[in-house]
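Read the structure below first, then the notes.
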Amino acid sequence: MATFLYRLGQWAFRRRRTVVLAWLAVLAAVFLGASSAAEAPDDSSSMPGIESQQAFDLINKRFPGAEADGAQARIVFVAEDGQHVTAAADRAAIGNLVAAVADGPQVAGVTSPFDTNAVSKDKSTAYVTVTYKVDSDDLTDASRTDLTKAVDQARNAGLVVEAGGSALETDAGQGMGEALGVLVAAVVLLITFGSLAAAGLPLLTAILGVCVSLAGITAVSSAFGFSSTVGELAMMLGLAVGIDYSLFVVSRYREERANGHQPQEAAALAAGTAGSAVVFAGLTVVIALLGLSVVGVPMLTKMGIGSAGAVLVGVLVALTAVPALLGFWPNAVLARRDRKGGRRTPAQLFGRIGRTKTAGTRTKAARGVRWAQFVVRRPLPVLLLSVIGLGALAVPSLDLRMGMPGDEAKSTSTTERRAYDALAEGFGPGFNGPLTVVVDVRTAADPEAAVTAVSAQLAGTKGIVSVSPARFNAAKDTAVISAVPSTAPTSRQTQDLVHTIRGERSAVQAATGADFKVTGTTALNIDVGQKMQDALVPYLAVVVGLAFLLLMLVFRSILVPLKAALGFLLSVGAALGAIVTVFQQGHGAGLFGVDETGPIMSTMPIFLVGIVFGLAMDYQVFLVSRIREAHIHGEQPRQAVVTGFRHSAHVVGAAALIMMAVFGGFMTGGESMVKMVGFGLAGAVFFDAFVVRMAFVPAVLALLGKRAWWLPKWLDRLLPRVDIEGEALTKQAHAPRDPVDNHDRQTPVRVV
């Protein structure tokens with residue numbers, strides 16, 4: 001592997017114009033394909049295998065033209081100063097709003113609250129539900145404008161009017177967050193390298209990779225069903241790993257230049273060593289992302305495939321475009337002091353190299369060396385402290401409640417949140433999350449009697465406060481009933497109530513011959529949460545198992561991959577515990593702009609495991625490969641740990657800060673769920689990079705000593721050899737040459 005990548009880097013450096021033109025041609029081709037591609041499909045909310053989805057599908061099939069997932073808007077009216085909404089003036093204002101909204105071309109139906117008994121018992125609150133023929137993504141701006149104008153007119157009449165529902169939902173742009181992440185990444189790179197060119201090169205190549213990936217996803221979106229969400233996740237990961245992979249190659253190039261190698265040789269060695277780590281780190285990320293298909297949710301599968309493609313593009317860019325661009329500007333990425341001076345004698349050259357390594361490396365590597373020396377001297381206390389600390393942070397995750405936060409998690413400054421609160425106060429906490437019961441009476445002897453029996457069973461269930469009259473379809477073989485719980489949609493009592501209703505199904509079916517299913521937003525969130533929870537263990541087993549085999553192949557060890565997996569579980573547990581502490585329990589919520597606490601987004605644990613596992617293995621490969629490189633070159637285990645930290649700790653730290661900046665940019669979004677994603681991913685990267693890889697890993701390696709690299713002889717013979725450390729390259733004895741003699745002319749030097 002190292003030899004192949006060495007030759008690839010050498011070729012890219014020599015044929016730099018060809019490589020750059022090839023990437024520009026690829027970029028032009030995918031942009032041309034994207035410009036002529038059909039519009040990307042909407043995000044699919046399909047969740048195969050859960051009862052709520054089956055019920056939605058049944059409604060759509062038996063009630064043609066009444067899509068179960070069509071957009072809705074719920075407009076809430078509250079009378080001021082103890083008055084009643086039934087007063088003549090308020091009644092007239094509500095009637096005018098209903099008439100104005102009903103004329104909309106996309107409106108399927110809207111009825112006055114006085115005709116549907118949608119008025120609270122104290123007559124202080126009423127509501128109108130507007131249903132649309134299309135889902136929220138297909139709702140036009142004109143329809144939304146008509147709705148907001150009608151609401152404003154009702155407010156001018158003296159009513160307190162608030163509105164919520166899917167019809168008002170809009171995509172919260174993350175452009176500012178992404179720009180902030182790139183800005184922070186640029187600052188980190190500039191501090192790390194001390195050179196504008198060295199800082200700009202990883203950013204430039206990462207942007208190239210992201211542009212190719214996004215245009216490619218757009219070009220095939222119609223054929224593969226990739227929605228805009230696929231592109232958003234691919235952009236986030238592609239930017240993060242693209243910067244990191246280029247960072248490692250450029251850093252190794254600078255190191256090889258400091259060792260006296262010519263530009264072409266340094267680029268080839270960087271591709272053969274750091275490039276090997278990039279390949280296997282990228283493979284671990286791809287494994288984690290493709291493993292999302294295990295969950296069985298089409299949307300997650302597509303997001304995993306699209307993001308895996310972006311990661312692969314990032315790997316290819318780092319292995320080819322980076323060496324090519326280094327060929328154009330071989331000296332520009334060096335620190336300023338290394339670019340000064342003219343032609344020097346070998347004695348002057350080696351003297352300068354010695355001073356450069358002493359002065360340039362000491363500042364950036366000294367902290368890592370001192371820390372590594374501290375850890376290897378006291379490995380047991382450091383190990384115990386890191387495990388206990390991360391374990392304590394993970395404890396709140398035992399109280400994890402999964403769901404999909406809705407309007408109740410929004411700020412009280414939003415009309416959606418105020419509408420939610422007004423309905424809860426006027427009609428009860430469960431009114432915001434009614435359960436929809438779909439009754440299939442095709443096999444019932446008396447359909448109407450069967451539906452009546454189901455309604456009576458629901459009304460008699462503890463925790464149900466009201467049951468609506470049944471609504472039959474045209475064929476009279478299916479009915480829909482709405483049941484309002486007494487508790488809030490995200491409460492444990494409501495979750496238990498859904499399970500109780502479903503538990504009564506067999507008895508009702510035996511007595512009436514009718515079957516029923518429970519759905520609605522509340523039940524759907526409960527089912528999705530359970531599906532994600534059930535899929536988490538198989539997903540972990542597949543991803544960790546495949547990555548264990550890959551790392552065993554890379555490091556030729558049993559204990560090193562095991563240690564990597566255990567460290568990853570600690571970091572993910574701590575990150576999940578931090579999410580629960582802030583977003584569910586509310587501790588420190590104000591510091592992160594979280595207005596309301598609630599359940600954790602159902603897909604969050606899966607995302608956290610998948611994305612962070614791949615990124616954590618990046619740091620594992622980059623850091624431990626340098627440690628193993630020092631060990632196989634003859635250093636004792638503990639000294640090898642120190643040497644590995646000298647060369648890679650500050651670069652891994654910079655890479656982690658860049659990742660945190662990119663993910664942290666999502667916390668600038670207004671939506672609680674977006675903040676949760678940004679907080680969780682940034683926290684997991686912090687715990688993994690700065691606690692697990694910087695404390696747990698060196699402590700374990702120091703305690704294990706040579707046993708860390710133990711591999712049974714029979715297994716050693718079976719496994720193919722992968723030279724990730726570049727051992728074969730060191731045996732070729734490339735002699736240092738004068739780096740100035742050639743890069744002043746910026747012409748490649750042929751390596752013999």
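Every chain in the structure tokens has a letter given in the order shown (A, B, ...), and although residue numbers restart at 1 in each chain, ligands are simply numbered from 1 in the order shown.
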| task | Mind checking which residues fall within 10 Å of Lys706 of chain A, counting only C-alpha atoms, ignoring those fewer than 5 positions away in the same chain, and posting them as a PyMOL selection string? | result | chain A and resi 631+636-638+701
| request: Rank nothing, just name the residue among A:Val20, A:Ala514, A:Ala475, A:Ala268 nearest to Asp440 of chain A, using only C-alpha atoms. | output: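 For Asp440 of chain A, the nearest of the candidates is A:Ala514.
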| Among segment 251-470 of chain A, which ones does DSSP place in strand (DSSP E), written as number ranges by chain? | A: 402-403, 435-440, 464-467
Those residues with N, CA, C and O atoms, as a short mmCIF file (atom, residue, chain, number, x, y, z; two decimals), in the first residue's frame please?
data_model
loop_
_atom_site.label_atom_id
_atom_site.label_comp_id
_atom_site.auth_asym_id
_atom_site.auth_seq_id
_atom_site.Cartn_x
_atom_site.Cartn_y
_atom_site.Cartn_z
N MET A 402 -36.23 8.82 23.78
CA MET A 402 -36.14 9.18 22.37
C MET A 402 -37.50 9.58 21.82
O MET A 402 -38.53 9.03 22.21
N GLY A 403 -37.50 10.52 20.93
CA GLY A 403 -38.71 10.99 20.28
C GLY A 403 -38.31 12.03 19.23
O GLY A 403 -37.16 12.16 18.87
N LEU A 435 -54.07 10.68 19.07
CA LEU A 435 -53.78 9.39 18.45
C LEU A 435 -54.82 9.12 17.37
O LEU A 435 -56.02 9.34 17.57
N THR A 436 -54.37 8.66 16.23
CA THR A 436 -55.27 8.31 15.13
C THR A 436 -55.38 6.80 15.06
O THR A 436 -54.36 6.11 14.90
N VAL A 437 -56.59 6.30 15.19
CA VAL A 437 -56.83 4.86 15.16
C VAL A 437 -57.54 4.51 13.86
O VAL A 437 -58.63 5.02 13.57
N VAL A 438 -56.92 3.66 13.05
CA VAL A 438 -57.48 3.24 11.77
C VAL A 438 -58.08 1.85 11.95
O VAL A 438 -57.37 0.90 12.30
N VAL A 439 -59.39 1.72 11.72
CA VAL A 439 -60.11 0.46 11.94
C VAL A 439 -60.42 -0.18 10.59
O VAL A 439 -61.11 0.41 9.75
N ASP A 440 -59.91 -1.38 10.39
CA ASP A 440 -60.15 -2.14 9.16
C ASP A 440 -61.25 -3.15 9.45
O ASP A 440 -61.08 -4.09 10.23
N ILE A 464 -57.35 8.22 28.21
CA ILE A 464 -58.01 8.84 27.07
C ILE A 464 -59.10 9.77 27.60
O ILE A 464 -59.96 9.36 28.38
N VAL A 465 -59.07 11.04 27.15
CA VAL A 465 -60.05 12.01 27.66
C VAL A 465 -61.20 12.23 26.68
O VAL A 465 -62.29 12.64 27.10
N SER A 466 -60.98 11.98 25.40
CA SER A 466 -62.07 12.15 24.44
C SER A 466 -61.81 11.32 23.20
O SER A 466 -60.66 11.05 22.84
N VAL A 467 -62.90 10.91 22.56
CA VAL A 467 -62.84 10.12 21.33
C VAL A 467 -63.77 10.76 20.31
O VAL A 467 -64.94 11.02 20.61
#
| query | Between A:Asn473, A:Ala449, A:Ala479, A:Val542, which is the closest to Ala511 of chain A once you count only C-alpha atoms? | reply |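 Among the listed residues, A:Ala449 lies closest to Ala511 of chain A.
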| query | Rounded to one decimal in Å, what is the spacing between atom CA of Pro263 of chain A and atom CA of Gly9 of chain A? | reply |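 Separation of atom CA of Pro263 of chain A and atom CA of Gly9 of chain A: 11.2 Å.
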At a cut-off of 7 Å, using only C-alpha atoms, what residues contact segment 235-240 of chain A? Leave out same-chain residues fewer than 4 positions from it and give the result as a CSV table (one decimal) with C-alpha atoms, in the first residue's frame.
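File produced: result06.csv:
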chain,number,residue,atom,x,y,z
A,206,ALA,CA,-11.6,20.3,0.8
A,207,ILE,CA,-13.9,22.7,-1.0
A,210,VAL,CA,-17.2,19.1,-1.5
A,214,LEU,CA,-22.5,17.8,-4.0
A,231,GLY,CA,-26.4,16.6,0.2
A,244,ASP,CA,-8.4,16.7,7.9
A,307,SER,CA,-21.9,10.7,2.7
A,310,ALA,CA,-18.2,12.3,-0.3
A,311,VAL,CA,-15.6,10.7,2.0
A,314,GLY,CA,-12.1,13.5,0.0
A,658,ILE,CA,-11.5,21.7,12.8
A,659,MET,CA,-14.1,18.9,13.2
A,662,VAL,CA,-17.6,22.5,11.5
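Here atom CA of Phe645 of chain A stands at a distance of 18.9 Å from atom CA of Val554 of chain A.
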| Hey, which of A:Gly520, A:Gly95, A:Gly665, A:Gly104 ends up closest to Ala154 of chain A? Count only C-alpha atoms. |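 Using only C-alpha atoms, the shortest distance to Ala154 of chain A belongs to A:Gly95.
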| message | Just list as number ranges by chain whatever in segment 553-735 of chain A DSSP marks as helix (DSSP H, G or I). | response | A: 553-555, 559-584, 589-592, 604-632, 637-668, 672-709, 713-718, 727-730
| message | Could you check the closest approach to Arg155 of chain A for each of A:Ala12, A:Arg370, A:Lys133, A:Val78 and tell me which residue wins, using only C-alpha atoms? | response |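 Of the candidates, the smallest distance to Arg155 of chain A is held by A:Val78.
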What's the 9 Å shell around Met552 of chain A, counting only C-alpha atoms, without same-chain residues fewer than 5 positions away, as a PDB file with N, CA, C and O atoms, in the first residue's frame?
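See selection-v3.pdb below for the written result:
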ATOM      1  N   ALA A 547     -14.866  -2.817  11.433  1.00  0.00           N
ATOM      2  CA  ALA A 547     -13.738  -1.929  11.712  1.00  0.00           C
ATOM      3  C   ALA A 547     -12.662  -2.650  12.519  1.00  0.00           C
ATOM      4  O   ALA A 547     -11.465  -2.391  12.341  1.00  0.00           O
ATOM      5  N   SER A 557      -2.527  -6.552  15.179  1.00  0.00           N
ATOM      6  CA  SER A 557      -2.654  -6.677  16.626  1.00  0.00           C
ATOM      7  C   SER A 557      -4.097  -7.014  16.963  1.00  0.00           C
ATOM      8  O   SER A 557      -5.028  -6.641  16.234  1.00  0.00           O
ATOM      9  N   ILE A 558      -4.280  -7.708  18.080  1.00  0.00           N
ATOM     10  CA  ILE A 558      -5.619  -8.002  18.587  1.00  0.00           C
ATOM     11  C   ILE A 558      -6.051  -6.939  19.581  1.00  0.00           C
ATOM     12  O   ILE A 558      -7.194  -6.464  19.563  1.00  0.00           O
ATOM     13  N   LEU A 559      -5.142  -6.532  20.452  1.00  0.00           N
ATOM     14  CA  LEU A 559      -5.489  -5.646  21.556  1.00  0.00           C
ATOM     15  C   LEU A 559      -5.656  -4.195  21.110  1.00  0.00           C
ATOM     16  O   LEU A 559      -6.470  -3.468  21.688  1.00  0.00           O
ATOM     17  N   VAL A 560      -4.911  -3.745  20.113  1.00  0.00           N
ATOM     18  CA  VAL A 560      -5.037  -2.361  19.661  1.00  0.00           C
ATOM     19  C   VAL A 560      -6.425  -2.085  19.075  1.00  0.00           C
ATOM     20  O   VAL A 560      -7.062  -1.090  19.439  1.00  0.00           O
ATOM     21  N   PRO A 561      -6.977  -2.915  18.184  1.00  0.00           N
ATOM     22  CA  PRO A 561      -8.355  -2.677  17.726  1.00  0.00           C
ATOM     23  C   PRO A 561      -9.379  -2.784  18.851  1.00  0.00           C
ATOM     24  O   PRO A 561     -10.363  -2.035  18.872  1.00  0.00           O
ATOM     25  N   LEU A 562      -9.155  -3.720  19.791  1.00  0.00           N
ATOM     26  CA  LEU A 562     -10.078  -3.845  20.921  1.00  0.00           C
ATOM     27  C   LEU A 562     -10.061  -2.587  21.766  1.00  0.00           C
ATOM     28  O   LEU A 562     -11.114  -2.086  22.185  1.00  0.00           O
ATOM     29  N   LEU A 711       0.091 -10.659  18.065  1.00  0.00           N
ATOM     30  CA  LEU A 711      -0.830 -11.273  17.118  1.00  0.00           C
ATOM     31  C   LEU A 711      -0.453 -12.741  16.992  1.00  0.00           C
ATOM     32  O   LEU A 711       0.726 -13.064  16.813  1.00  0.00           O
ATOM     33  N   LEU A 719      -3.201 -13.216   7.556  1.00  0.00           N
ATOM     34  CA  LEU A 719      -3.551 -11.852   7.186  1.00  0.00           C
ATOM     35  C   LEU A 719      -2.585 -11.310   6.151  1.00  0.00           C
ATOM     36  O   LEU A 719      -1.375 -11.475   6.283  1.00  0.00           O
TER      37      LEU A 719
END
| task | Would you work out the distance separating atom CA of Ile627 of chain A from atom CA of Asp716 of chain A, expressed in Å to one decimal? | result |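 Atom CA of Asp716 of chain A lies 19.7 Å from atom CA of Ile627 of chain A.
For the choices A:Ala34, A:Leu316, A:Leu398, A:Val641, the atom-to-atom distance to Arg628 of chain A is smallest for A:Val641 when using only C-alpha atoms.
Each of A:Leu159, A:Ile388, A:Ala682, A:Ile287 was checked against Gln83 of chain A using only C-alpha atoms; the smallest atom-to-atom distance is that of A:Leu159.
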| field | Near-Leu608 of chain A list (9 Å; only C-alpha atoms; drop same-chain fewer than 6 positions) as a list in words | value |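 Contacts, with the query itself left out: Val572, Ala575, Leu576, Val677, Gly680, Leu681 and Ala684 of chain A.
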